[in-house]
Structures are given as structure tokens and as C-alpha cells.
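Undergrad: I am sharing work-v7.txt, which consists of compact mmCIF, C-alpha atoms:
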# COMPACT_ATOMS: atom_id res chain seq x y z
CA MET O 1 161.29 128.65 101.91
CA ILE O 2 159.91 128.79 98.36
CA LYS O 3 160.00 125.00 98.17
CA ARG O 4 158.00 124.74 101.43
CA GLN O 5 155.40 127.22 100.11
CA TRP O 6 154.94 125.14 96.96
CA THR O 7 154.63 121.99 99.08
CA LEU O 8 151.90 123.58 101.21
CA LEU O 9 150.06 124.89 98.15
CA PHE O 10 150.22 121.43 96.53
CA ALA O 11 148.90 119.80 99.71
CA ALA O 12 146.10 122.35 99.93
CA ALA O 13 145.21 121.70 96.28
CA ILE O 14 144.93 117.98 96.99
CA VAL O 15 142.69 118.60 100.02
CA PHE O 16 140.55 121.03 98.01
CA SER O 17 140.33 118.53 95.16
CA GLY O 18 139.25 115.81 97.58
CA CYS O 19 136.59 118.07 99.10
CA THR O 20 135.34 119.03 95.66
CA ASN O 21 135.22 115.38 94.61
CA ASP O 22 133.29 114.46 97.78
CA ALA O 23 130.84 117.30 97.15
CA THR O 24 130.34 116.11 93.58
CA LEU O 25 129.78 112.53 94.73
CA ARG O 26 127.32 113.63 97.40
CA GLN O 27 125.35 115.53 94.79
CA LYS O 28 125.40 112.51 92.52
CA ALA O 29 124.32 110.25 95.39
CA ASP O 30 121.31 112.46 96.02
CA GLU O 31 120.47 112.48 92.31
CA LEU O 32 120.67 108.66 92.11
CA ALA O 33 118.56 108.29 95.25
CA HIS O 34 115.80 110.21 93.48
CA LYS O 35 116.40 108.76 90.03
CA TYR O 36 116.17 105.10 91.02
CA ILE O 37 113.39 103.46 92.98
CA ILE O 38 114.58 102.75 96.52
CA THR O 39 112.93 99.83 98.24
CA ASP O 40 113.65 98.88 101.84
CA GLY O 41 112.90 95.37 103.04
CA HIS O 42 111.78 96.25 106.53
CA VAL O 43 110.24 99.38 108.05
CA ASP O 44 108.25 98.99 111.29
CA ILE O 45 105.67 101.74 110.78
CA PRO O 46 102.55 99.59 111.44
CA PHE O 47 103.69 98.47 114.89
CA ARG O 48 104.94 101.98 115.71
CA LEU O 49 101.56 103.51 114.81
CA ALA O 50 99.62 100.75 116.56
CA ASN O 51 101.43 101.70 119.77
CA LYS O 52 101.16 105.46 119.25
CA MET O 53 99.13 106.81 116.37
CA GLU O 54 100.54 109.91 114.67
CA ASP O 55 100.29 111.54 111.27
CA VAL O 56 103.23 110.28 109.18
CA SER O 57 101.98 112.19 106.12
CA VAL O 58 103.83 115.18 107.59
CA ARG O 59 107.22 115.52 109.27
CA THR O 60 107.12 113.89 112.71
CA GLU O 61 109.29 114.76 115.70
CA GLY O 62 109.87 111.14 116.63
CA GLY O 63 110.36 107.90 114.75
CA ASP O 64 112.51 107.15 111.73
CA PHE O 65 109.89 107.40 108.96
CA ASP O 66 107.45 109.95 107.65
CA TYR O 67 106.40 111.05 104.16
CA VAL O 68 108.49 114.23 104.16
CA ARG O 69 111.74 112.57 105.21
CA ALA O 70 111.12 109.60 102.90
CA LYS O 71 110.81 111.99 99.96
CA GLU O 72 113.99 113.77 101.04
CA GLY O 73 115.89 110.49 101.09
CA GLY O 74 114.39 109.07 97.89
CA LEU O 75 112.61 106.17 99.60
CA ASP O 76 109.84 104.94 97.29
CA ALA O 77 108.79 101.48 98.44
CA PRO O 78 109.32 100.68 102.13
CA PHE O 79 108.00 97.22 102.95
CA MET O 80 105.57 97.75 105.81
CA SER O 81 106.39 95.20 108.51
CA ILE O 82 103.28 93.40 109.72
CA TYR O 83 105.05 92.48 112.94
CA VAL O 84 103.34 90.05 115.31
CA PRO O 85 105.31 89.50 118.55
CA SER O 86 106.07 85.96 119.69
CA SER O 87 103.83 86.46 122.72
CA TYR O 88 100.81 85.92 120.46
CA GLN O 89 101.95 82.33 119.99
CA GLU O 90 101.10 81.79 123.67
CA THR O 91 98.08 84.06 124.11
CA GLY O 92 96.46 83.39 120.74
CA GLY O 93 95.09 86.05 118.40
CA ALA O 94 98.12 86.19 116.06
CA LYS O 95 96.01 86.15 112.88
CA ALA O 96 93.70 88.86 114.19
CA LYS O 97 96.69 91.01 115.17
CA ALA O 98 98.21 90.68 111.70
CA ASP O 99 94.89 91.55 110.05
CA SER O 100 94.57 94.64 112.25
CA LEU O 101 98.03 95.87 111.19
CA ILE O 102 97.20 95.28 107.52
CA ASP O 103 94.03 97.33 108.10
CA LEU O 104 96.24 100.08 109.55
CA VAL O 105 98.40 100.19 106.39
CA GLU O 106 95.34 100.24 104.15
CA ASN O 107 93.83 103.05 106.25
CA LEU O 108 97.08 105.03 106.03
CA ALA O 109 96.86 104.90 102.24
CA ALA O 110 93.12 105.63 102.22
CA ASP O 111 93.54 108.64 104.53
CA HIS O 112 96.30 110.13 102.35
CA PRO O 113 95.61 108.97 98.77
CA ASP O 114 97.79 111.74 97.35
CA LYS O 115 100.84 110.47 99.24
CA PHE O 116 100.58 106.71 99.84
CA ALA O 117 99.22 103.65 98.06
CA VAL O 118 99.38 99.95 98.93
CA ALA O 119 101.34 97.87 96.40
CA ALA O 120 101.31 94.14 95.74
CA SER O 121 103.73 93.79 92.81
CA PRO O 122 106.78 95.49 91.28
CA ALA O 123 104.58 96.81 88.47
CA GLU O 124 102.19 98.38 90.99
CA VAL O 125 105.10 99.99 92.83
CA GLU O 126 106.42 101.50 89.61
CA LYS O 127 102.99 102.93 88.72
CA ILE O 128 102.57 104.43 92.20
CA VAL O 129 106.06 105.96 92.13
CA THR O 130 105.44 107.41 88.65
CA ASP O 131 102.35 109.09 90.13
CA GLY O 132 104.60 110.76 92.72
CA LYS O 133 103.43 108.73 95.70
CA ILE O 134 105.15 106.35 98.12
CA ALA O 135 104.26 102.69 97.59
CA LEU O 136 103.52 100.54 100.62
CA PRO O 137 104.17 96.85 99.91
CA MET O 138 103.75 94.60 102.95
CA GLY O 139 105.77 91.81 104.53
CA MET O 140 104.64 89.84 107.58
CA GLU O 141 107.25 89.46 110.33
CA ASN O 142 106.59 86.13 112.06
CA GLY O 143 104.65 83.26 110.54
CA ALA O 144 102.66 82.81 113.77
CA PRO O 145 99.52 84.38 112.19
CA ILE O 146 99.30 81.42 109.82
CA GLU O 147 98.47 79.53 113.02
CA ASP O 148 97.84 75.86 112.18
CA ASP O 149 95.79 76.49 109.05
CA LEU O 150 97.60 76.32 105.68
CA ASN O 151 94.70 78.25 104.10
CA ASN O 152 95.90 81.33 105.95
CA VAL O 153 98.88 81.57 103.59
CA ALA O 154 96.50 82.33 100.72
CA HIS O 155 94.49 84.59 103.04
CA PHE O 156 97.49 86.81 103.70
CA HIS O 157 98.49 86.78 100.03
CA LYS O 158 94.99 88.02 99.19
CA ARG O 159 95.42 90.76 101.79
CA GLY O 160 98.60 91.96 100.08
CA VAL O 161 101.38 90.32 102.09
CA ARG O 162 104.30 89.60 99.75
CA TYR O 163 106.84 88.10 102.11
CA ILE O 164 106.60 86.21 105.37
CA THR O 165 109.42 86.05 107.90
CA LEU O 166 108.98 82.46 109.01
CA THR O 167 109.49 83.12 112.73
CA HIS O 168 110.62 85.85 115.11
CA GLY O 169 112.04 85.77 118.66
CA LYS O 170 110.96 82.23 119.59
CA ASP O 171 110.46 78.89 117.89
CA ASN O 172 106.98 78.74 116.40
CA GLN O 173 104.85 76.18 114.57
CA ILE O 174 106.92 76.64 111.40
CA CYS O 175 110.57 76.58 112.47
CA ASP O 176 113.20 77.40 115.07
CA SER O 177 114.33 80.96 115.82
CA SER O 178 117.89 82.28 115.93
CA TYR O 179 117.01 84.00 119.22
CA ASP O 180 115.75 80.79 120.87
CA THR O 181 117.90 78.00 122.29
CA THR O 182 115.12 75.42 122.54
CA GLY O 183 115.64 73.87 119.10
CA THR O 184 112.05 72.64 119.02
CA TRP O 185 112.26 71.22 115.50
CA GLY O 186 115.98 71.02 114.89
CA GLY O 187 115.29 73.33 111.94
CA ILE O 188 111.94 73.45 110.15
CA SER O 189 108.82 71.51 111.18
CA ASN O 190 106.81 69.26 108.88
CA PHE O 191 104.08 71.90 108.88
CA GLY O 192 106.74 74.49 108.07
CA ARG O 193 107.68 72.52 104.97
CA GLU O 194 104.06 72.71 103.87
CA VAL O 195 104.03 76.46 104.58
CA VAL O 196 107.11 77.09 102.43
CA ALA O 197 105.62 75.03 99.59
CA GLU O 198 102.35 76.95 99.85
CA MET O 199 104.17 80.29 99.90
CA ASN O 200 105.93 79.27 96.70
CA ARG O 201 102.59 78.22 95.21
CA VAL O 202 100.67 81.42 95.96
CA GLY O 203 103.57 83.81 95.31
CA ILE O 204 104.83 84.99 98.70
CA MET O 205 108.58 85.49 99.15
CA VAL O 206 110.13 83.31 101.87
CA ASP O 207 112.03 85.48 104.36
CA ILE O 208 114.73 83.71 106.37
CA SER O 209 115.63 86.59 108.71
CA HIS O 210 115.26 85.45 112.34
CA VAL O 211 115.39 81.71 111.60
CA SER O 212 118.00 79.36 113.10
CA ASP O 213 120.91 78.16 110.97
CA ASN O 214 119.39 74.66 110.70
CA ALA O 215 116.05 76.11 109.66
CA PHE O 216 117.76 78.24 107.01
CA PHE O 217 119.47 75.27 105.38
CA ASP O 218 116.25 73.24 105.55
CA VAL O 219 114.43 76.04 103.70
CA MET O 220 117.14 76.23 101.06
CA LYS O 221 116.71 72.52 100.32
CA ILE O 222 112.97 72.72 99.76
CA ALA O 223 112.37 76.22 98.33
CA LYS O 224 111.36 76.26 94.66
CA ALA O 225 111.89 80.01 94.30
CA PRO O 226 114.54 82.47 95.51
CA ALA O 227 114.31 83.59 99.14
CA ILE O 228 115.20 86.84 100.89
CA ALA O 229 116.64 87.89 104.23
CA SER O 230 114.58 91.06 104.66
CA HIS O 231 116.66 92.62 107.45
CA SER O 232 119.83 90.71 108.30
CA SER O 233 123.52 91.55 108.19
CA CYS O 234 126.81 89.62 108.00
CA ARG O 235 127.97 87.48 110.94
CA ALA O 236 131.58 87.96 109.85
CA PHE O 237 131.43 91.34 111.62
CA THR O 238 129.48 90.10 114.66
CA PRO O 239 130.95 86.69 115.63
CA GLY O 240 128.52 84.49 117.54
CA PHE O 241 125.45 86.57 116.67
CA GLU O 242 123.25 83.94 115.02
CA ARG O 243 120.63 86.49 113.99
CA ASN O 244 123.08 87.58 111.26
CA MET O 245 124.07 85.31 108.37
CA ASN O 246 127.43 83.57 108.18
CA ASP O 247 129.42 83.33 104.96
CA GLU O 248 128.22 79.81 104.13
CA MET O 249 124.61 80.94 104.49
CA ILE O 250 125.16 83.98 102.28
CA LYS O 251 126.77 81.79 99.61
CA THR O 252 123.87 79.34 99.81
CA LEU O 253 121.34 82.18 99.57
CA GLY O 254 123.22 83.50 96.54
CA ALA O 255 123.14 80.08 94.89
CA ASN O 256 119.39 80.03 95.56
CA GLY O 257 119.14 83.32 93.64
CA GLY O 258 118.15 85.19 96.80
CA VAL O 259 119.04 88.55 98.33
CA ILE O 260 120.26 89.63 101.77
CA GLN O 261 118.94 93.07 102.77
CA ILE O 262 121.37 94.67 105.19
CA ASN O 263 120.02 95.69 108.61
CA PHE O 264 121.15 99.18 109.71
CA GLY O 265 120.93 98.56 113.47
CA SER O 266 124.34 99.22 115.10
CA SER O 267 124.30 95.93 117.02
CA PHE O 268 123.91 94.13 113.68
CA LEU O 269 126.90 95.93 112.21
CA SER O 270 129.89 95.68 114.53
CA LYS O 271 131.31 93.62 117.38
CA GLU O 272 132.26 96.83 119.19
CA SER O 273 128.68 98.12 119.08
CA ARG O 274 127.37 94.83 120.44
CA GLU O 275 129.90 94.83 123.28
CA LYS O 276 129.13 98.44 124.22
CA SER O 277 125.39 97.70 124.13
CA THR O 278 125.90 94.79 126.50
CA GLU O 279 127.98 96.96 128.86
CA ASN O 280 125.35 99.67 128.93
CA ARG O 281 122.47 97.23 129.36
CA GLU O 282 124.15 95.55 132.34
CA LYS O 283 124.98 98.90 133.93
CA ILE O 284 121.43 100.19 133.48
CA SER O 285 119.89 96.95 134.76
CA SER O 286 122.07 97.03 137.89
CA TYR O 287 121.09 100.64 138.58
CA ALA O 288 117.40 99.84 138.12
CA GLU O 289 117.63 96.86 140.46
CA GLU O 290 119.52 98.78 143.14
CA ASN O 291 117.00 101.64 143.02
CA ASP O 292 113.88 99.52 142.51
CA LEU O 293 113.09 101.21 139.19
CA LYS O 294 111.05 99.90 136.29
CA TRP O 295 111.53 100.62 132.58
CA GLY O 296 109.74 103.87 131.82
CA ASP O 297 110.32 105.46 135.22
CA PRO O 298 111.70 108.99 134.68
CA LYS O 299 114.81 108.28 136.79
CA PHE O 300 115.38 105.06 134.85
CA LEU O 301 115.12 106.81 131.48
CA GLU O 302 117.33 109.67 132.60
CA TYR O 303 120.03 107.29 133.78
CA ALA O 304 119.78 105.18 130.62
CA GLN O 305 120.25 108.29 128.47
CA GLU O 306 123.24 109.35 130.56
CA VAL O 307 124.89 105.93 130.20
CA THR O 308 124.35 105.96 126.44
CA ARG O 309 125.79 109.46 126.13
CA GLU O 310 128.90 108.45 128.07
CA ASN O 311 129.37 105.23 126.12
CA PRO O 312 127.77 105.65 122.65
CA THR O 313 127.10 102.38 120.87
CA TYR O 314 126.52 103.72 117.38
CA ALA O 315 128.17 102.19 114.36
CA ASP O 316 128.80 104.32 111.25
CA VAL O 317 127.28 104.49 107.79
CA THR O 318 130.60 103.10 106.53
CA ASP O 319 129.93 99.91 108.51
CA VAL O 320 126.81 99.34 106.42
CA ALA O 321 128.92 99.84 103.31
CA ASP O 322 131.38 97.27 104.70
CA HIS O 323 128.58 94.70 104.97
CA ILE O 324 127.51 95.41 101.41
CA ASP O 325 131.13 95.03 100.28
CA HIS O 326 131.36 91.69 102.08
CA VAL O 327 128.27 90.28 100.36
CA VAL O 328 129.45 91.49 96.97
CA LYS O 329 132.85 89.85 97.45
CA LEU O 330 131.19 86.58 98.49
CA VAL O 331 128.38 86.26 95.94
CA GLY O 332 128.31 89.30 93.66
CA ILE O 333 126.36 92.51 93.26
CA ASP O 334 123.05 90.76 92.44
CA HIS O 335 122.43 89.50 95.96
CA VAL O 336 122.42 92.51 98.30
CA ALA O 337 119.93 95.29 99.11
CA PHE O 338 118.65 97.55 101.92
CA GLY O 339 116.70 96.21 104.92
CA SER O 340 117.11 99.03 107.43
CA ASP O 341 114.74 97.96 110.23
CA PHE O 342 113.85 101.66 110.63
CA ASP O 343 111.46 102.15 113.54
CA GLY O 344 112.34 98.63 114.70
CA VAL O 345 115.80 98.96 116.25
CA GLY O 346 115.17 101.91 118.56
CA ASP O 347 117.97 104.37 119.23
CA SER O 348 120.68 102.22 117.70
CA LEU O 349 120.98 103.54 114.17
CA PRO O 350 124.47 104.43 112.90
CA TYR O 351 125.90 107.87 112.35
CA GLU O 352 124.62 109.35 109.04
CA LEU O 353 121.82 106.76 108.82
CA LYS O 354 119.45 108.01 111.49
CA ASP O 355 116.23 108.04 109.47
CA VAL O 356 114.75 107.57 106.00
CA SER O 357 116.15 110.87 104.73
CA ASP O 358 119.68 109.44 104.91
CA TYR O 359 119.86 106.89 102.05
CA PRO O 360 121.94 109.35 99.95
CA ASN O 361 124.65 109.22 102.65
CA LEU O 362 125.00 105.45 102.15
CA ILE O 363 124.89 105.77 98.36
CA PHE O 364 127.65 108.40 98.60
CA HIS O 365 129.95 105.96 100.40
CA LEU O 366 129.19 103.24 97.86
CA LEU O 367 130.04 105.60 95.01
CA LYS O 368 133.21 106.58 96.83
CA ARG O 369 134.18 102.88 96.92
CA GLY O 370 133.77 102.55 93.18
CA TYR O 371 130.25 101.18 92.82
CA SER O 372 128.79 102.05 89.42
CA ASP O 373 125.40 103.61 88.72
CA GLU O 374 124.21 100.18 87.58
CA ASP O 375 125.42 98.64 90.86
CA ILE O 376 123.56 101.28 92.86
CA GLU O 377 120.40 100.66 90.86
CA LYS O 378 120.58 96.93 91.63
CA ILE O 379 121.10 97.53 95.34
CA CYS O 380 118.31 100.13 95.50
CA TYR O 381 115.63 97.93 93.94
CA LYS O 382 116.50 95.77 90.94
CA ASN O 383 117.83 92.84 92.97
CA ILE O 384 114.60 92.65 94.97
CA TRP O 385 112.51 93.14 91.83
CA ARG O 386 114.29 90.15 90.26
CA VAL O 387 113.43 87.93 93.23
CA TRP O 388 109.87 89.24 93.55
CA ASN O 389 109.15 88.73 89.84
CA GLU O 390 110.70 85.26 89.89
CA VAL O 391 108.58 84.27 92.90
CA GLU O 392 105.49 85.37 90.96
CA ARG O 393 106.64 83.45 87.87
CA VAL O 394 107.24 80.25 89.87
CA ALA O 395 103.84 80.63 91.53
CA LYS O 396 102.07 80.78 88.16
CA GLU O 397 104.02 77.73 87.00
CA LEU O 398 103.11 75.76 90.14
CA GLN O 399 99.47 76.78 89.93
CA ALA O 400 99.29 75.74 86.28
CA ALA O 401 100.78 72.33 87.13
CA SER O 402 98.36 71.63 89.99
Output the structure of this file as C-alpha cells.

TA:
Amino acid sequence: MIKRQWTLLFAAAIVFSGCTNDATLRQKADELAHKYIITDGHVDIPFRLANKMEDVSVRTEGGDFDYVRAKEGGLDAPFMSIYVPSSYQETGGAKAKADSLIDLVENLAADHPDKFAVAASPAEVEKIVTDGKIALPMGMENGAPIEDDLNNVAHFHKRGVRYITLTHGKDNQICDSSYDTTGTWGGISNFGREVVAEMNRVGIMVDISHVSDNAFFDVMKIAKAPAIASHSSCRAFTPGFERNMNDEMIKTLGANGGVIQINFGSSFLSKESREKSTENREKISSYAEENDLKWGDPKFLEYAQEVTRENPTYADVTDVADHIDHVVKLVGIDHVAFGSDFDGVGDSLPYELKDVSDYPNLIFHLLKRGYSDEDIEKICYKNIWRVWNEVERVAKELQAAS
């Protein structure tokens, strides 16, 4: 009896010790999130606000981002996604759409100068953060706004765009898309080669998220500066999902000096989440067809919510940590960062990573896996700073040689 009591006390002590250790790590994670700059490669605020304007300088009921929650989570420099849908490639007006979204970001900063400021370099971000504000660097998602005029690359650089995702959901004038099966160029077009060279020359990071595998390897052969994947994850966890990067691509990006910024969307993180999403989508579509319902109809939305509740598709914050682990094992700690896709992946964010207040939860799990403070600092911002600064250095070198 005495022996059993000692056994139970010992077990309880271990559990208590584990809880105490977790509490200590969570506190440390929160401290690191606010000590180090956190940059995120892809936050879809401009498109969200263009569809429904609201005041993100205060806590909002909907969406994944606002000033209050960003401050709670330690987010300092979310790249504002200047997202131009592929439909503009057919209708025209892509450049004008991009300019209007850039105007929106500039107006956000102008309307709340005590909280936000547009940033165009790592040094500017650091100054803005030191002043207690959130920096808003910009990246353009889809190269369609370049249209067929190479001068537009410099135009968007002048407007503050510091990366361009070469394409989006369909092949465009620059290269093929991972979501398209047409294979228009078999990789990158001749004009696309000129675009990449011009991006290197003016100092815009080349973003290979969304491009086809062939286009990716074409870019790697011609790029004169490191590239990024602003919001992609690892295909090893989602077999057959070309939107994510396979191991060979991650190794090639690492050799290029680039960085993959892990997407938080559940369907990017696990095979199970993708399969459940497909199940739910098919079930909802069948119901809508049988009942002659359109997306947005109250009955449609009610049924969709019911299906999702019965068969949740969410991954977990630990799945994001798994992707980070995978990149680190393949190419080292210098080539991975955050690229959440907040406000861009809808209701598909993993448990414990539901909005911009939750970065400490991810940092906690990284600490728990043995990542050092220096490792965390690199993932939070230093890896992207290295690429961004190198892109600027290469640009100055190319401009001096021309």
C-alpha cells in the first residue's frame, strides 16, 4: 500500500513538473514573440477590406487580422497581399486593380498613423516597430498586373511592392500555375524570363508560390538573387498537391539561398484535412444541386456549417511545426519562415492558429521541440531579412553594371 502511494505521488510529481514546464515554455514563447520582430509572408487584408471595408485598427468580430490581435500575438510586419484574381487576365484591368489595393494599404496607414506605416525595406520595418507601430510591407500576388509591359515591374517597385508571386490560379503571361493543367509555357515564358531578370534588377523578391514545378525549376536556373515561397508548405505531407513544394524543390530553393514560408491553411498541412475537405465539398455540392441552392443562400450556408461541424477538417498547430521540422531537416534552419495566408484561406485554419494573436502557440511548440532562441529569431524574421537584403544588394550591383 505504501509502495503504491509513493508510485502515485511520483507520477503526480512528473505530471505537475510537465505542466509547470509547459507553462514556463508558454510564457517564454509569448516573451519571444514580443521580443523578436515577427514577419509573415502573406496576409490578405487588402482583398478582405476591398470586399468589405471595416476598421482593423480596433478588434474586429470577423477576419483573422486586426491591430489589437496582431499586437497580442507579436506580429510586427505582415506582408500585405496585393492579390489580383486570375479573372483579370481575361477581363483586363489587372494593373488598375493592383494599384487600387496599394492605395487601400496606403490609406490604412494614413488613417491610423499611430498604429500602421507602410514599409519598403527591413530597415524601415525596424524603425516602424521601434516606434511601436505595425509595419505594412507589400507583396503582389499574381504577376498579371505587369500585363505585357516590363516597365510595370519598376512601377510596382516604386509603389512599394517588394515581392511578386509570379502567377496565381491560372497560367498567365509569365509562367504556368500549379492549379492549372494547361501547361501553356511548359514552365516560364520568354517574357517571364525578362520579368524575373527585371525583378532582380530593381530589387523585388521573386515569389514562387503558386507556380508549376517546371516554372519553379526554370526560375531557379535564371534567378540572380535568392527567391521566396511566400505561402507554401511541404508536399511530403500532402502527396499530389502541386501547390505545395516537394523535397527536391525545397532543396533547390535552399541551394538558391531562398526561404519557404509555411502556409497555415489546414488543406496545406495534412492529407487527412485535404480528404475531409473534399468529402465535405462533394456533400455540400450535392445538397445544393438537389435543392437548387446557390452559394450564399441561407439554407446553403446553414447546411455547409452543419457538415463542417460533423466532419471538422482542421489540422493542428503541431502540423505547422511538423512542416517547419521537415524543412529544417532537409535544408537547415536558415530557409524556413511564416507565411500564414491569414484572411486568405477562409475557415480552414488549424487548432491554436486561428488568427494573428496565436503566433506564441506555434513558438511554444517549436521551443518544446528543442528550437533555440536563435532558431526562433531566424524563423520569425531574420531568414526573410537575409533574403530581402540580399535582393537589394544584387539589385544595386546589377544597376551599377548596366

Undergrad: Please identify all polymer residues within 12 Å of O:Ile363, counting all atoms listed in the file, omitting same-chain residues fewer than 4 positions from it, and present them as a PyMOL selection string.

TA: chain O and resi 25-34+36+38+73-74+317-318+320-321+324+337-338+352-353+357-359+367-373+375-380

Undergrad: Counting all atoms listed in the file, which of O:Asn383, O:Thr238, O:Val394, O:Val211 gets nearest to O:Pro122?

TA: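 Using all atoms listed in the file, the shortest distance to O:Pro122 belongs to O:Asn383.
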
Undergrad: Near O:His335, counting all atoms listed in the file, which residues have an atom at most 9 Å away, once you skip same-chain residues fewer than 6 positions from it, shown as a ChimeraX atom specification?

TA: /O:250,253-254,257-261,327-328,378-379,383-384

Undergrad: Identify, on the basis of only C-alpha atoms, every residue whose closest approach to stretch 162-165 of chain O does not exceed 7 Å; exclude the query and any residue fewer than 5 positions from it along the same chain; express the result as a PyMOL selection string.

TA: chain O and resi 120+138-143+157+204-209

Undergrad: When distances are computed from all atoms listed in the file, which of O:Phe342, O:Trp295, O:Tyr303, O:Trp385 shows the smallest separation from O:Leu75?

TA: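 Looking at the shortest contact to O:Leu75, the residue is O:Phe342.
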
Undergrad: Mind checking which residues fall within 12 Å of O:Thr167, counting all atoms listed in the file, ignoring those fewer than 3 positions away in the same chain, and posting them as number ranges by chain?

TA: O: 83-89, 140-147, 164, 170-180, 187-189, 192, 195, 206-212, 215-216, 243

Undergrad: Residues of the last selection are to be written out with C-alpha atoms, as a PDB file, in the coordinates of the input.

TA:
ATOM      1  CA  TYR O  83     105.050  92.480 112.940  1.00  0.00           C
ATOM      2  CA  VAL O  84     103.340  90.050 115.310  1.00  0.00           C
ATOM      3  CA  PRO O  85     105.310  89.500 118.550  1.00  0.00           C
ATOM      4  CA  SER O  86     106.070  85.960 119.690  1.00  0.00           C
ATOM      5  CA  SER O  87     103.830  86.460 122.720  1.00  0.00           C
ATOM      6  CA  TYR O  88     100.810  85.920 120.460  1.00  0.00           C
ATOM      7  CA  GLN O  89     101.950  82.330 119.990  1.00  0.00           C
ATOM      8  CA  MET O 140     104.640  89.840 107.580  1.00  0.00           C
ATOM      9  CA  GLU O 141     107.250  89.460 110.330  1.00  0.00           C
ATOM     10  CA  ASN O 142     106.590  86.130 112.060  1.00  0.00           C
ATOM     11  CA  GLY O 143     104.650  83.260 110.540  1.00  0.00           C
ATOM     12  CA  ALA O 144     102.660  82.810 113.770  1.00  0.00           C
ATOM     13  CA  PRO O 145      99.520  84.380 112.190  1.00  0.00           C
ATOM     14  CA  ILE O 146      99.300  81.420 109.820  1.00  0.00           C
ATOM     15  CA  GLU O 147      98.470  79.530 113.020  1.00  0.00           C
ATOM     16  CA  ILE O 164     106.600  86.210 105.370  1.00  0.00           C
ATOM     17  CA  LYS O 170     110.960  82.230 119.590  1.00  0.00           C
ATOM     18  CA  ASP O 171     110.460  78.890 117.890  1.00  0.00           C
ATOM     19  CA  ASN O 172     106.980  78.740 116.400  1.00  0.00           C
ATOM     20  CA  GLN O 173     104.850  76.180 114.570  1.00  0.00           C
ATOM     21  CA  ILE O 174     106.920  76.640 111.400  1.00  0.00           C
ATOM     22  CA  CYS O 175     110.570  76.580 112.470  1.00  0.00           C
ATOM     23  CA  ASP O 176     113.200  77.400 115.070  1.00  0.00           C
ATOM     24  CA  SER O 177     114.330  80.960 115.820  1.00  0.00           C
ATOM     25  CA  SER O 178     117.890  82.280 115.930  1.00  0.00           C
ATOM     26  CA  TYR O 179     117.010  84.000 119.220  1.00  0.00           C
ATOM     27  CA  ASP O 180     115.750  80.790 120.870  1.00  0.00           C
ATOM     28  CA  GLY O 187     115.290  73.330 111.940  1.00  0.00           C
ATOM     29  CA  ILE O 188     111.940  73.450 110.150  1.00  0.00           C
ATOM     30  CA  SER O 189     108.820  71.510 111.180  1.00  0.00           C
ATOM     31  CA  GLY O 192     106.740  74.490 108.070  1.00  0.00           C
ATOM     32  CA  VAL O 195     104.030  76.460 104.580  1.00  0.00           C
ATOM     33  CA  VAL O 206     110.130  83.310 101.870  1.00  0.00           C
ATOM     34  CA  ASP O 207     112.030  85.480 104.360  1.00  0.00           C
ATOM     35  CA  ILE O 208     114.730  83.710 106.370  1.00  0.00           C
ATOM     36  CA  SER O 209     115.630  86.590 108.710  1.00  0.00           C
ATOM     37  CA  HIS O 210     115.260  85.450 112.340  1.00  0.00           C
ATOM     38  CA  VAL O 211     115.390  81.710 111.600  1.00  0.00           C
ATOM     39  CA  SER O 212     118.000  79.360 113.100  1.00  0.00           C
ATOM     40  CA  ALA O 215     116.050  76.110 109.660  1.00  0.00           C
ATOM     41  CA  PHE O 216     117.760  78.240 107.010  1.00  0.00           C
ATOM     42  CA  ARG O 243     120.630  86.490 113.990  1.00  0.00           C
TER      43      ARG O 243
END

Undergrad: What does the distance from atom CA of O:Leu104 to atom CA of O:Phe47 come to in Å, to one decimal?

TA: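 Straight-line distance from atom CA of O:Leu104 to atom CA of O:Phe47 works out to 9.3 Å.
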
Undergrad: Between O:Asp325, O:Leu166, O:Leu330, O:Ala70, which is the closest to O:Ile37 once you count all atoms listed in the file?

TA: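 Checking each of O:Asp325, O:Leu166, O:Leu330, O:Ala70 against O:Ile37, counting all atoms listed in the file, the winner is O:Ala70.
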
Undergrad: Name the residues in contact with O:Asp66 at a cut-off of 10 Å, using all atoms listed in the file, excluding same-chain residues fewer than 3 positions from it; report them as JSON, numbers by chain.

TA: {"O": [45, 54, 55, 56, 57, 58, 59, 60, 61, 62, 63, 69, 70, 71, 355, 356, 357]}

Undergrad: Can you work out the spacing between atom CA of O:Lys158 and atom CA of O:Asp99 in Å, to one decimal?

TA: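 Value for the atom CA of O:Lys158-atom CA of O:Asp99 distance: 11.4 Å.
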
Undergrad: Smallest atom-to-atom distance to O:Asn389: which of O:His155, O:Pro226, O:Asp218, O:Ala98, using only C-alpha atoms?

TA: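 Distance minimum relative to O:Asn389 lands on O:Pro226.
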
Undergrad: Using only C-alpha atoms, which of O:Ala117, O:Ile222, O:Ala395, O:Ala110 sits nearest O:Val129?

TA: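 Of O:Ala117, O:Ile222, O:Ala395, O:Ala110, the one nearest O:Val129 is O:Ala117, counting only C-alpha atoms.
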
Undergrad: How many Å lie between atom CA of O:Asp334 and atom CA of O:Ala255, rounded to one decimal?

TA: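 Rounded to one decimal, the two atoms are 11.0 Å apart.
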
Undergrad: Point out the residue among O:Met199, O:Ala315, O:His326, O:Lys299 with the least atom-to-atom distance to O:Ala236, counting only C-alpha atoms.

TA: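 Answer, going by the shortest atom-to-atom distance: O:His326.
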
Undergrad: Starting from 4 Å padding per side, set up an axis-aligned box that covers all listed atoms of stretch 183-202 of chain O and hand over centre and edge lengths in Å, one decimal, as AutoDock Vina command-line options.

TA:
--center_x 108.3 --center_y 75.3 --center_z 107.2 --size_x 23.3 --size_y 20.2 --size_z 31.9
